[in-house]
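Asker: Data file run07.txt (compact mmCIF, C-alpha atoms) is appended below.
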```
# COMPACT_ATOMS: atom_id res chain seq x y z
CA MET Q 21 -18.48 29.24 15.36
CA ALA Q 22 -21.41 29.60 17.75
CA ASP Q 23 -21.40 27.73 21.03
CA ILE Q 24 -24.46 25.66 21.84
CA ASN Q 25 -25.92 26.27 25.27
CA PHE Q 26 -27.66 22.99 26.06
CA ASN Q 27 -29.13 24.26 29.31
CA GLU Q 28 -30.79 27.10 27.40
CA LEU Q 29 -32.14 24.67 24.80
CA ILE Q 30 -33.56 22.41 27.53
CA ARG Q 31 -35.10 25.40 29.34
CA GLN Q 32 -36.72 26.61 26.10
CA SER Q 33 -38.19 23.16 25.49
CA GLY Q 34 -39.83 23.25 28.92
CA GLY Q 35 -37.75 20.44 30.40
CA SER Q 36 -35.00 20.16 32.94
CA PRO Q 37 -31.45 18.84 32.48
CA GLY Q 38 -32.34 15.69 34.42
CA GLU Q 39 -35.33 14.98 32.19
CA ALA Q 40 -33.25 15.29 29.04
CA ALA Q 41 -30.76 12.74 30.35
CA ALA Q 42 -33.56 10.38 31.41
CA ASP Q 43 -35.18 10.58 27.96
CA ALA Q 44 -31.90 9.91 26.21
CA ASP Q 45 -31.23 6.56 24.57
CA PRO Q 46 -29.38 4.32 27.06
CA GLN Q 47 -27.00 3.23 24.30
CA PRO Q 48 -23.88 5.43 24.53
CA PRO Q 49 -22.42 6.92 21.36
CA ARG Q 50 -20.21 4.57 19.33
CA TRP Q 51 -17.09 6.67 19.88
CA ASP Q 52 -14.88 3.79 18.76
CA ILE Q 53 -16.50 3.49 15.32
CA ILE Q 54 -17.07 7.24 14.94
CA GLU Q 55 -13.42 8.01 15.53
CA LEU Q 56 -12.20 5.12 13.39
CA LEU Q 57 -14.36 6.42 10.53
CA PHE Q 58 -12.90 9.92 10.95
CA PHE Q 59 -9.33 8.65 10.82
CA ALA Q 60 -9.98 6.11 8.06
CA TYR Q 61 -11.57 8.80 5.90
CA ARG Q 62 -8.74 11.25 6.67
CA ASP Q 63 -6.10 8.77 5.54
CA PHE Q 64 -8.13 7.35 2.64
CA VAL Q 65 -8.57 10.78 1.05
CA GLY Q 66 -5.17 11.94 2.25
CA ASP Q 67 -3.42 9.58 -0.15
CA ALA Q 68 -5.16 11.31 -3.05
CA ASP Q 69 -4.80 14.78 -1.52
CA HIS Q 70 -1.02 14.69 -1.92
CA VAL Q 71 -1.31 13.95 -5.64
CA LEU Q 72 -4.09 16.48 -6.17
CA GLU Q 73 -2.07 19.19 -4.44
CA ALA Q 74 0.58 19.00 -7.15
CA PHE Q 75 -2.11 19.92 -9.71
CA GLY Q 76 -3.57 22.73 -7.59
CA PHE Q 77 -6.67 20.60 -6.99
CA GLY Q 78 -8.53 19.64 -3.84
CA ARG Q 79 -11.05 17.06 -2.72
CA ALA Q 80 -13.90 18.70 -4.61
CA HIS Q 81 -11.94 18.31 -7.86
CA HIS Q 82 -11.35 14.66 -7.01
CA ARG Q 83 -15.03 13.96 -6.42
CA VAL Q 84 -16.09 15.71 -9.63
CA VAL Q 85 -13.54 14.08 -11.94
CA HIS Q 86 -14.12 10.69 -10.26
CA PHE Q 87 -17.86 10.63 -10.90
CA VAL Q 88 -17.57 12.15 -14.38
CA CYS Q 89 -15.01 9.50 -15.28
CA ARG Q 90 -16.93 6.61 -13.75
CA TYR Q 91 -20.30 7.69 -15.19
CA PRO Q 92 -19.64 9.18 -18.65
CA GLY Q 93 -22.40 11.48 -19.86
CA LEU Q 94 -23.44 12.44 -16.35
CA THR Q 95 -25.41 15.68 -16.48
CA VAL Q 96 -24.45 18.70 -14.44
CA ALA Q 97 -27.82 18.36 -12.65
CA ASP Q 98 -27.10 14.71 -11.80
CA LEU Q 99 -23.62 15.62 -10.58
CA LEU Q 100 -25.14 18.24 -8.28
CA ASP Q 101 -27.44 15.52 -6.89
CA VAL Q 102 -24.58 13.07 -6.38
CA LEU Q 103 -22.34 15.57 -4.61
CA ARG Q 104 -25.20 17.35 -2.83
CA ILE Q 105 -23.63 20.73 -3.39
CA THR Q 106 -24.85 24.02 -4.84
CA LYS Q 107 -24.34 25.15 -8.43
CA GLN Q 108 -22.05 27.88 -7.13
CA SER Q 109 -19.84 25.36 -5.33
CA LEU Q 110 -19.62 23.15 -8.41
CA SER Q 111 -19.08 26.00 -10.84
CA ARG Q 112 -15.53 26.97 -9.81
CA VAL Q 113 -14.29 23.38 -9.62
CA LEU Q 114 -15.94 22.32 -12.87
CA LYS Q 115 -14.60 25.40 -14.69
CA GLN Q 116 -11.04 24.60 -13.60
CA LEU Q 117 -11.35 20.95 -14.67
CA LEU Q 118 -12.81 22.03 -18.04
CA ASP Q 119 -10.21 24.77 -18.58
CA GLU Q 120 -7.32 22.44 -17.78
CA GLY Q 121 -8.59 19.65 -20.03
CA TYR Q 122 -9.62 17.00 -17.51
CA ILE Q 123 -13.31 17.11 -18.47
CA VAL Q 124 -15.25 18.08 -21.57
CA GLN Q 125 -18.84 19.22 -21.75
CA ARG Q 126 -21.23 18.38 -24.59
CA ALA Q 127 -24.82 19.28 -25.30
CA GLY Q 128 -27.35 16.47 -24.93
CA ASP Q 129 -28.59 14.70 -28.06
CA SER Q 130 -32.29 15.00 -27.28
CA ASP Q 131 -32.10 18.21 -25.24
CA ARG Q 132 -29.45 20.66 -26.39
CA ARG Q 133 -29.78 22.58 -23.09
CA GLN Q 134 -28.55 19.54 -21.21
CA ARG Q 135 -24.84 19.62 -20.35
CA LEU Q 136 -23.28 16.17 -20.43
CA LEU Q 137 -19.87 15.68 -18.82
CA PHE Q 138 -17.12 13.35 -19.98
CA ALA Q 139 -13.59 12.79 -18.72
CA THR Q 140 -10.77 13.28 -21.20
CA ALA Q 141 -7.82 10.88 -21.40
CA LYS Q 142 -6.03 13.27 -19.05
CA GLY Q 143 -8.92 13.11 -16.58
CA GLU Q 144 -9.13 9.32 -16.83
CA ALA Q 145 -5.40 9.02 -16.12
CA LEU Q 146 -5.74 11.18 -13.00
CA VAL Q 147 -8.73 9.18 -11.73
CA GLU Q 148 -6.86 5.92 -12.38
CA LYS Q 149 -3.80 7.16 -10.47
CA LEU Q 150 -5.91 8.24 -7.48
CA ALA Q 151 -7.98 5.05 -7.52
CA ARG Q 152 -4.84 2.91 -7.52
CA LEU Q 153 -3.55 4.74 -4.42
CA GLN Q 154 -6.86 4.23 -2.66
CA THR Q 155 -7.11 0.61 -3.81
CA GLU Q 156 -3.69 -0.09 -2.31
CA ARG Q 157 -4.94 1.22 1.06
CA ILE Q 158 -8.15 -0.83 0.79
CA ASP Q 159 -6.23 -3.98 -0.14
CA ARG Q 160 -3.84 -3.52 2.81
CA ALA Q 161 -6.81 -3.12 5.15
CA LEU Q 162 -8.57 -6.22 3.78
CA ARG Q 163 -5.43 -8.38 3.62
CA ASP Q 164 -5.76 -9.85 7.13
CA LEU Q 165 -9.53 -10.30 7.04
CA PRO Q 166 -11.15 -13.65 6.29
CA PRO Q 167 -12.45 -14.11 2.71
CA ALA Q 168 -15.90 -12.84 3.67
CA GLY Q 169 -14.33 -9.69 5.15
CA ALA Q 170 -14.61 -7.57 2.01
CA GLU Q 171 -18.26 -8.57 1.66
CA ALA Q 172 -18.92 -7.59 5.29
CA VAL Q 173 -17.19 -4.24 4.80
CA GLY Q 174 -19.29 -3.56 1.70
CA LYS Q 175 -22.46 -4.52 3.54
CA PHE Q 176 -21.55 -2.20 6.44
CA LEU Q 177 -20.80 0.72 4.12
CA ARG Q 178 -24.06 0.22 2.17
CA ALA Q 179 -25.96 0.20 5.47
CA MET Q 180 -24.35 3.55 6.40
CA ILE Q 181 -25.78 5.27 3.29
CA ASP Q 182 -29.09 7.13 3.51
CA ARG Q 183 -31.44 5.62 0.95
CA ASP Q 184 -34.36 8.00 1.32
CA ASP Q 185 -33.44 10.09 -1.74
CA PRO Q 186 -30.88 8.22 -3.86
CA ASP Q 187 -29.47 9.91 -6.94
CA LYS Q 188 -28.92 8.01 -10.21
CA VAL Q 189 -25.36 6.99 -9.38
CA LEU Q 190 -26.24 5.77 -5.89
CA GLN Q 191 -29.17 3.77 -7.29
CA THR Q 192 -26.74 2.05 -9.65
CA ILE Q 193 -24.29 1.28 -6.84
CA LEU Q 194 -26.93 0.06 -4.39
CA HIS Q 195 -28.53 -2.23 -6.94
CA GLY Q 196 -25.20 -3.86 -7.72
CA GLY Q 197 -24.93 -2.32 -11.14
CA ALA Q 198 -21.67 -1.45 -12.79
CA SER Q 199 -20.82 2.06 -13.85
CA ALA Q 200 -20.92 2.70 -17.57
CA LYS Q 201 -17.11 2.64 -17.34
CA ASP Q 202 -17.14 -0.98 -16.14
CA VAL Q 203 -19.13 -2.25 -19.11
CA THR Q 204 -17.43 -0.30 -21.89
```
Any chance you could give the structure as structure tokens?

Answerer:
Amino acid sequence: MADINFNELIRQSGGSPGEAAADADPQPPRWDIIELLFFAYRDFVGDADHVLEAFGFGRAHHRVVHFVCRYPGLTVADLLDVLRITKQSLSRVLKQLLDEGYIVQRAGDSDRRQRLLFATAKGEALVEKLARLQTERIDRALRDLPPAGAEAVGKFLRAMIDRDDPDKVLQTILHGGASAKDVT
């Protein structure tokens, strides 16, 4: 990993170290929230990691099977948008999930070139198991909050999401819509 030489960057920009500090926002970084988010995420996904490990899967597998299960008929292109990863990154994970029977792929009705993804019963069972683990953690965290606490947490998390280029799934979530799985 390359080290960043801030003095060199400041010199190249024509400024001095003192000027950079003076131009900086007076608000210090929110170390408390930043670190809490790191640890909360670590433990939130860690619950699922232990289960996934037994299957030879990792976090990428979890994300793929989760969104395919929650949004049946999601295209490979849409999944790439949701996960913001390359085709190459998705290819290995998707192949393993297809080969092991967690996901099936079908051609689109109107465009046969389109690849639509669906979770199998095996995939749905895995997603359900992982979601229950994560729901238990969420419920424990919300237990001591006032009734409006869950709403405040949801509002905070929505505010943390970049909305400049939402994919189809994010648009559904942000507009309060249910996944296709919730209405079927």

Asker: Could you jot down the CA of Thr192 (chain Q) to CA of Ala60 (chain Q) separation for me, Å, one decimal place?

Answerer: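 Straight-line distance from CA of Thr192 (chain Q) to CA of Ala60 (chain Q) works out to 24.7 Å.
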
Asker: Tell me, in Å to one decimal, how far CA of Val88 (chain Q) is from CA of Ile123 (chain Q).

Answerer: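 Separation of CA of Val88 (chain Q) and CA of Ile123 (chain Q): 7.7 Å.
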
Asker: What's the 12 Å shell around Lys142 (chain Q), counting all atoms listed in the file, without same-chain residues fewer than 2 positions away, as a PyMOL selection string?

Answerer: chain Q and resi 85+89+117-118+120-124+138-140+144-149

Asker: Please report the interatomic distance between CA of Gln116 (chain Q) and CA of His82 (chain Q) in Å with one decimal.

Answerer: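 CA of His82 (chain Q) lies 11.9 Å from CA of Gln116 (chain Q).
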
Asker: With all atoms listed in the file as the counted atoms, please give the residues lying no more than 12 Å from region 73-80 of chain Q, apart from itself and same-chain residues fewer than 4 positions off, as a VMD selection string.

Answerer: chain Q and resid 61 to 62 64 to 69 84 to 87 99 to 100 103 to 105 109 to 114 116 to 117 120 122 143 146 150

Asker: Go through Q:Val102, Q:Leu153, Q:Ala170, Q:Ala161 one by one, measure the shortest atom-to-atom distance of each to Asp185 (chain Q) using all atoms listed in the file, and give the residue with the smallest value.

Answerer: Q:Val102

Asker: Could you check the closest approach to Gln134 (chain Q) for each of Q:Arg160, Q:Leu94, Q:Pro166, Q:Thr106 and tell me which residue wins, using only C-alpha atoms?

Answerer: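 The answer is Q:Leu94, which sits nearest to Gln134 (chain Q).
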
Asker: Have a look at Q:Gly93, Q:Arg163, Q:Lys115, Q:Glu171 and name the one nearest to Leu137 (chain Q); count only C-alpha atoms.

Answerer: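 Among the listed residues, the smallest separation from Leu137 (chain Q) belongs to Q:Gly93.
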
Asker: Between Q:Leu194, Q:Ile158, Q:Leu165, Q:Ala97, which residue has the minimum interatomic distance to Arg178 (chain Q), considering only C-alpha atoms?

Answerer: Q:Leu194

Asker: Report as a ChimeraX atom specification all protein, DNA and RNA residues lying within 10 Å of Asp63 (chain Q), evaluated on all atoms listed in the file, omitting residues in the same chain fewer than 6 positions from it.

Answerer: /Q:57,69,154,157

Asker: Write out the residues from the selection above, keeping C-alpha atoms, as an mmCIF file, in the frame of the given file.

Answerer:
```cif
data_model
loop_
_atom_site.group_PDB
_atom_site.id
_atom_site.type_symbol
_atom_site.label_atom_id
_atom_site.label_comp_id
_atom_site.auth_asym_id
_atom_site.auth_seq_id
_atom_site.Cartn_x
_atom_site.Cartn_y
_atom_site.Cartn_z
ATOM 1 C CA LEU Q 57 -14.360 6.420 10.530
ATOM 2 C CA ASP Q 69 -4.800 14.780 -1.520
ATOM 3 C CA GLN Q 154 -6.860 4.230 -2.660
ATOM 4 C CA ARG Q 157 -4.940 1.220 1.060
#
```

Asker: Choose the residue, out of Q:Ala141, Q:Leu162, Q:Ala179, Q:Ala151, that has the smallest atom-to-atom separation from Arg83 (chain Q); count only C-alpha atoms.

Answerer: Q:Ala151
